[in-house]
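Trainee: Sharing target-v4.txt below, compact mmCIF, C-alpha atoms:
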# COMPACT_ATOMS: atom_id res chain seq x y z
CA MET A 1 -20.66 -3.85 -0.88
CA PRO A 2 -17.22 -3.70 0.82
CA VAL A 3 -14.45 -1.61 -0.71
CA MET A 4 -11.67 -3.80 -2.15
CA LYS A 5 -8.04 -3.01 -1.46
CA GLY A 6 -6.46 -4.18 -4.67
CA LEU A 7 -7.19 -5.16 -8.22
CA LEU A 8 -9.11 -8.33 -8.98
CA ALA A 9 -10.13 -10.10 -12.12
CA PRO A 10 -13.75 -9.08 -12.78
CA GLN A 11 -16.52 -11.40 -11.54
CA ASN A 12 -14.18 -13.94 -10.03
CA THR A 13 -15.86 -14.78 -6.74
CA PHE A 14 -13.28 -17.42 -5.77
CA LEU A 15 -10.46 -14.91 -6.09
CA ASP A 16 -12.57 -12.28 -4.33
CA THR A 17 -13.23 -14.68 -1.43
CA ILE A 18 -9.54 -15.51 -0.99
CA ALA A 19 -8.45 -11.85 -1.20
CA THR A 20 -11.11 -10.75 1.30
CA ARG A 21 -10.25 -13.55 3.73
CA PHE A 22 -6.52 -12.78 3.79
CA ASP A 23 -6.60 -8.99 3.55
CA GLY A 24 -6.01 -7.68 7.07
CA THR A 25 -4.78 -10.97 8.56
CA HIS A 26 -1.70 -11.21 6.34
CA SER A 27 -1.22 -7.60 5.40
CA ASN A 28 1.75 -8.07 3.04
CA PHE A 29 0.62 -10.55 0.40
CA ILE A 30 -0.03 -11.21 -3.25
CA LEU A 31 -2.23 -13.67 -5.12
CA ALA A 32 -1.08 -15.17 -8.41
CA ASN A 33 -2.71 -17.22 -11.15
CA ALA A 34 -1.27 -20.75 -10.85
CA GLN A 35 -2.88 -21.84 -14.11
CA VAL A 36 -0.71 -19.56 -16.27
CA SER A 37 2.65 -21.33 -16.18
CA LYS A 38 4.54 -18.46 -17.79
CA GLY A 39 5.54 -16.57 -14.65
CA PHE A 40 2.36 -17.19 -12.63
CA PRO A 41 1.17 -13.58 -12.94
CA ILE A 42 0.10 -11.56 -9.91
CA VAL A 43 -3.65 -10.93 -9.98
CA TYR A 44 -3.98 -9.19 -6.60
CA CYS A 45 -1.68 -7.36 -4.20
CA SER A 46 -2.46 -5.95 -0.77
CA ASP A 47 -1.84 -2.41 0.42
CA GLY A 48 0.75 -3.79 2.85
CA PHE A 49 2.72 -5.39 0.01
CA CYS A 50 2.81 -2.06 -1.85
CA GLU A 51 3.93 -0.24 1.32
CA LEU A 52 6.63 -2.83 2.08
CA THR A 53 8.11 -2.86 -1.43
CA GLY A 54 7.45 0.71 -2.59
CA PHE A 55 5.84 -0.52 -5.81
CA SER A 56 2.37 0.59 -6.85
CA ARG A 57 -0.31 -1.92 -7.81
CA ALA A 58 -0.01 -0.89 -11.45
CA GLU A 59 3.70 -1.77 -11.36
CA VAL A 60 3.11 -5.14 -9.70
CA MET A 61 0.04 -6.52 -11.46
CA GLN A 62 0.74 -9.28 -14.02
CA LYS A 63 4.40 -9.58 -12.98
CA SER A 64 5.66 -13.01 -11.93
CA CYS A 65 4.74 -14.04 -8.39
CA ALA A 66 8.39 -15.07 -7.96
CA CYS A 67 8.84 -11.30 -7.50
CA LYS A 68 12.05 -11.08 -9.49
CA PHE A 69 11.59 -7.30 -9.42
CA LEU A 70 12.55 -7.48 -5.72
CA TYR A 71 15.80 -9.39 -6.33
CA GLY A 72 19.15 -7.68 -5.95
CA PRO A 73 22.87 -8.38 -5.72
CA GLU A 74 22.64 -10.12 -2.34
CA THR A 75 19.53 -12.20 -3.03
CA SER A 76 20.50 -15.87 -2.71
CA GLU A 77 20.65 -17.78 -6.01
CA ASN A 78 19.83 -21.01 -4.15
CA ILE A 79 16.66 -19.49 -2.69
CA ILE A 80 15.66 -18.13 -6.12
CA ILE A 81 16.01 -21.63 -7.61
CA SER A 82 14.00 -23.10 -4.71
CA ILE A 83 11.20 -20.56 -5.29
CA ASP A 84 11.08 -21.39 -9.01
CA ASP A 85 11.05 -25.14 -8.26
CA ALA A 86 8.24 -24.77 -5.71
CA LEU A 87 6.12 -22.74 -8.14
CA GLU A 88 6.68 -25.16 -11.02
CA GLY A 89 5.87 -28.11 -8.73
CA ARG A 90 2.92 -26.21 -7.23
CA LYS A 91 4.30 -26.90 -3.75
CA GLU A 92 4.54 -24.83 -0.60
CA PHE A 93 7.69 -22.79 0.00
CA LYS A 94 8.88 -21.04 3.15
CA ASP A 95 12.28 -19.44 3.72
CA GLU A 96 14.09 -16.22 4.56
CA ILE A 97 15.19 -14.14 1.59
CA MET A 98 16.87 -10.80 1.06
CA PHE A 99 14.81 -8.46 -1.12
CA TYR A 100 15.20 -4.87 -2.31
CA SER A 101 12.46 -2.24 -2.36
CA LYS A 102 11.79 -0.05 -5.38
CA THR A 103 14.20 2.54 -3.96
CA GLY A 104 16.94 -0.08 -3.53
CA VAL A 105 16.57 -0.44 0.24
CA LEU A 106 17.51 -3.93 1.33
CA PHE A 107 15.11 -5.84 3.59
CA TRP A 108 14.95 -9.36 4.95
CA CYS A 109 11.71 -11.20 4.40
CA LEU A 110 10.14 -14.44 5.56
CA LEU A 111 8.50 -15.55 2.31
CA ASP A 112 5.70 -18.10 2.50
CA ILE A 113 4.14 -19.33 -0.75
CA VAL A 114 1.07 -21.56 -0.46
CA PRO A 115 -0.75 -23.20 -3.37
CA ILE A 116 -4.55 -22.78 -3.19
CA LYS A 117 -6.76 -25.48 -4.69
CA ASN A 118 -10.28 -25.18 -6.04
CA GLU A 119 -13.11 -27.58 -5.23
CA LYS A 120 -11.78 -30.02 -7.87
CA GLY A 121 -8.38 -30.19 -6.19
CA ASP A 122 -6.57 -28.21 -8.90
CA VAL A 123 -4.03 -25.59 -7.84
CA VAL A 124 -5.52 -22.36 -9.17
CA LEU A 125 -3.79 -19.66 -7.12
CA PHE A 126 -0.64 -19.00 -5.16
CA LEU A 127 -0.83 -16.97 -1.97
CA ALA A 128 2.54 -15.43 -1.16
CA SER A 129 2.93 -13.64 2.16
CA PHE A 130 5.88 -11.41 2.97
CA LYS A 131 6.87 -10.85 6.61
CA ASN A 132 9.50 -8.16 7.11
CA ILE A 133 12.14 -9.64 9.47
CA THR A 134 14.86 -7.04 8.92
CA ASP A 135 14.97 -5.99 12.59
CA VAL A 136 15.27 -9.60 13.76
CA LYS A 137 18.06 -10.31 11.27
CA ALA A 138 20.01 -7.16 12.26
CA LYS A 139 19.80 -8.13 15.95
CA SER A 140 20.83 -11.68 15.11
CA ILE A 141 23.90 -10.44 13.22
CA GLN A 142 24.92 -8.29 16.20
CA GLU A 143 24.39 -11.15 18.69
CA ASP A 144 26.22 -13.67 16.53
CA LYS A 145 29.10 -11.21 16.17
CA LYS A 146 29.36 -10.91 19.97
CA GLU A 147 29.37 -14.69 20.33
CA GLY A 148 31.95 -15.10 17.58
CA VAL A 149 29.61 -17.31 15.56
CA LEU A 150 28.98 -15.36 12.39
CA PHE A 151 30.70 -12.60 10.49
CA TRP A 152 30.38 -11.00 7.08
CA CYS A 153 33.53 -11.14 5.03
CA LEU A 154 34.78 -9.61 1.80
CA LEU A 155 36.90 -12.23 0.06
CA ASP A 156 39.45 -11.22 -2.57
CA ILE A 157 41.31 -13.97 -4.49
CA VAL A 158 44.26 -13.04 -6.68
CA PRO A 159 46.03 -15.56 -8.93
CA ILE A 160 49.84 -15.55 -8.69
CA LYS A 161 51.63 -16.51 -11.91
CA ASN A 162 55.16 -17.76 -12.54
CA GLU A 163 57.44 -16.33 -15.20
CA LYS A 164 55.77 -18.52 -17.88
CA GLY A 165 52.39 -16.99 -17.06
CA ASP A 166 50.99 -20.13 -15.44
CA VAL A 167 48.91 -19.73 -12.29
CA VAL A 168 50.86 -21.45 -9.53
CA LEU A 169 49.22 -20.02 -6.44
CA PHE A 170 46.18 -18.10 -5.26
CA LEU A 171 46.47 -15.36 -2.68
CA ALA A 172 43.28 -14.96 -0.63
CA SER A 173 42.60 -11.99 1.59
CA PHE A 174 39.68 -11.67 3.98
CA LYS A 175 38.23 -8.42 5.24
CA ASN A 176 35.71 -8.53 8.08
CA ILE A 177 32.77 -6.26 7.12
CA THR A 178 30.26 -7.38 9.78
CA ASP A 179 29.93 -3.93 11.37
CA VAL A 180 29.38 -2.29 8.00
CA LYS A 181 26.80 -4.92 7.00
CA ALA A 182 24.80 -4.70 10.25
CA LYS A 183 24.85 -0.89 10.12
CA SER A 184 23.74 -0.96 6.46
CA ILE A 185 20.77 -3.20 7.29
CA GLN A 186 19.71 -0.90 10.13
CA GLU A 187 20.11 2.24 7.99
CA ASP A 188 18.19 0.67 5.11
CA LYS A 189 15.39 -0.18 7.52
CA LYS A 190 15.26 3.42 8.83
CA GLU A 191 15.21 4.83 5.28
CA GLY A 192 12.40 2.47 4.35
CA GLN A 193 10.12 3.78 7.12
Can you dump the structure from the file as structure tokens?

Mentor:
Amino acid sequence: MPVMKGLLAPQNTFLDTIATRFDGTHSNFILANAQVSKGFPIVYCSDGFCELTGFSRAEVMQKSCACKFLYGPETSENIIISIDDALEGRKEFKDEIMFYSKTGVLFWCLLDIVPIKNEKGDVVLFLASFKNITDVKAKSIQEDKKEGVLFWCLLDIVPIKNEKGDVVLFLASFKNITDVKAKSIQEDKKEGQ
């Protein structure tokens, strides 16, 4: 009998088959129960997922497959809503998202969530794969900066009031932080290794 790399629900051959098939080919992945609407709990996680995120299996199991424990201050609200909508609709989702490891290290991820159906056509599992694209994103930021296409900016808006206390004007200041952001991504990647 092969040694399993993760925790599975006992005597669930369908789950076992899926986990065995994807372990090794998609090294950073989780499987979640699509039949439990409250959070779609994780029922399996690969070694690669644990290494990428810094969380142990015990910390990950039964948490929502939306992986809210990986969200941080720069995780896109729009992407979070799209993930929730895809899970509720039991539809495929694929997009780039900014996650944070257990130690707070930021990393970019290509997240692909695929619903898995049983022989009756019912969605019973979600397979979520996580591809670390931090290096690609850091290079892209540097290239875009050279081409003048993209820059990170710190925006500060201050209301200006008249003598009655009414806001009559807003003063906006922009500070280019592209170098700091690119360096931070590269440093976070080095710390995560």

Trainee: Just checking: using all atoms listed in the file, which residue out of A:Val60, A:Val136, A:Ala34, A:Val105 ends up closest to A:Gly89?

Mentor: A:Ala34

Trainee: Which residues come within 9 Å of A:Asp95, counting all atoms listed in the file, excluding same-chain residues fewer than 5 positions away, as a list in words?

Mentor: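 Skipping anything fewer than 5 positions along the chain leaves Ile79, Cys109, Leu110, Leu111 and Asp112 of chain A.
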
Trainee: Quick check, in Å to one decimal: how far apart do atom CA of A:Pro41 and atom CA of A:Leu127 lie?

Mentor: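 So the two atoms, atom CA of A:Pro41 and atom CA of A:Leu127, lie 11.7 Å apart.
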
Trainee: Which is closest to A:Phe130 among A:Ile116, A:Val167, A:Cys67, A:Ile177, if we use all atoms listed in the file?

Mentor: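 Using all atoms listed in the file, A:Phe130 sits closest to A:Cys67.
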
Trainee: From the set A:Leu125, A:Leu52, A:Ile83, A:Val114, which residue has the shortest atom-to-atom contact distance to A:Phe40, counting all atoms listed in the file?

Mentor: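 Ranking A:Leu125, A:Leu52, A:Ile83, A:Val114 by distance to A:Phe40, first place goes to A:Leu125.
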
Trainee: Please, what distance in Å, to one decimal, runs between atom CA of A:Ser173 and atom CA of A:Pro159?

Mentor: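 A separation of 11.6 Å between them.
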
Trainee: Select, from A:Thr178, A:Gln35, A:Thr134, A:Ser140, the residue with the minimum atom-to-atom distance to A:Cys153, counting only C-alpha atoms.

Mentor: A:Thr178

Trainee: For the atom pair atom CA of A:Pro73 and atom CA of A:Asn33, what is the interatomic distance in Å to one decimal place?

Mentor: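 Those two atoms sit 27.6 Å apart.
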
Trainee: Looking at A:Ala138, A:Ile113, A:Ala172, A:Leu70, which one is nearest to A:Ala32, with distances taken over only C-alpha atoms?

Mentor: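 Of A:Ala138, A:Ile113, A:Ala172, A:Leu70, the one nearest A:Ala32, counting only C-alpha atoms, is A:Ile113.
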
Trainee: Give the answer as one residue: which of A:Ile81, A:Leu154, A:Leu87, A:Ala58 has the shortest atom-to-atom distance to A:Gly39, using all atoms listed in the file?

Mentor: A:Leu87

Trainee: Could you give me the centre and size, in Å to one decimal, of an axis-aligned box around all listed atoms of stretch 67-73 of chain A with 6 Å added on every side, as JSON?

Mentor:
{"center_x": 15.9, "center_y": -9.3, "center_z": -7.6, "size_x": 26.0, "size_y": 16.0, "size_z": 15.8}

Trainee: For A:Ser27, please output as a PyMOL selection string all residues within 10 Å (counting all atoms listed in the file; exclusion window: fewer than 3 positions along the same chain).

Mentor: chain A and resi 22-24+30+45-52+129-131
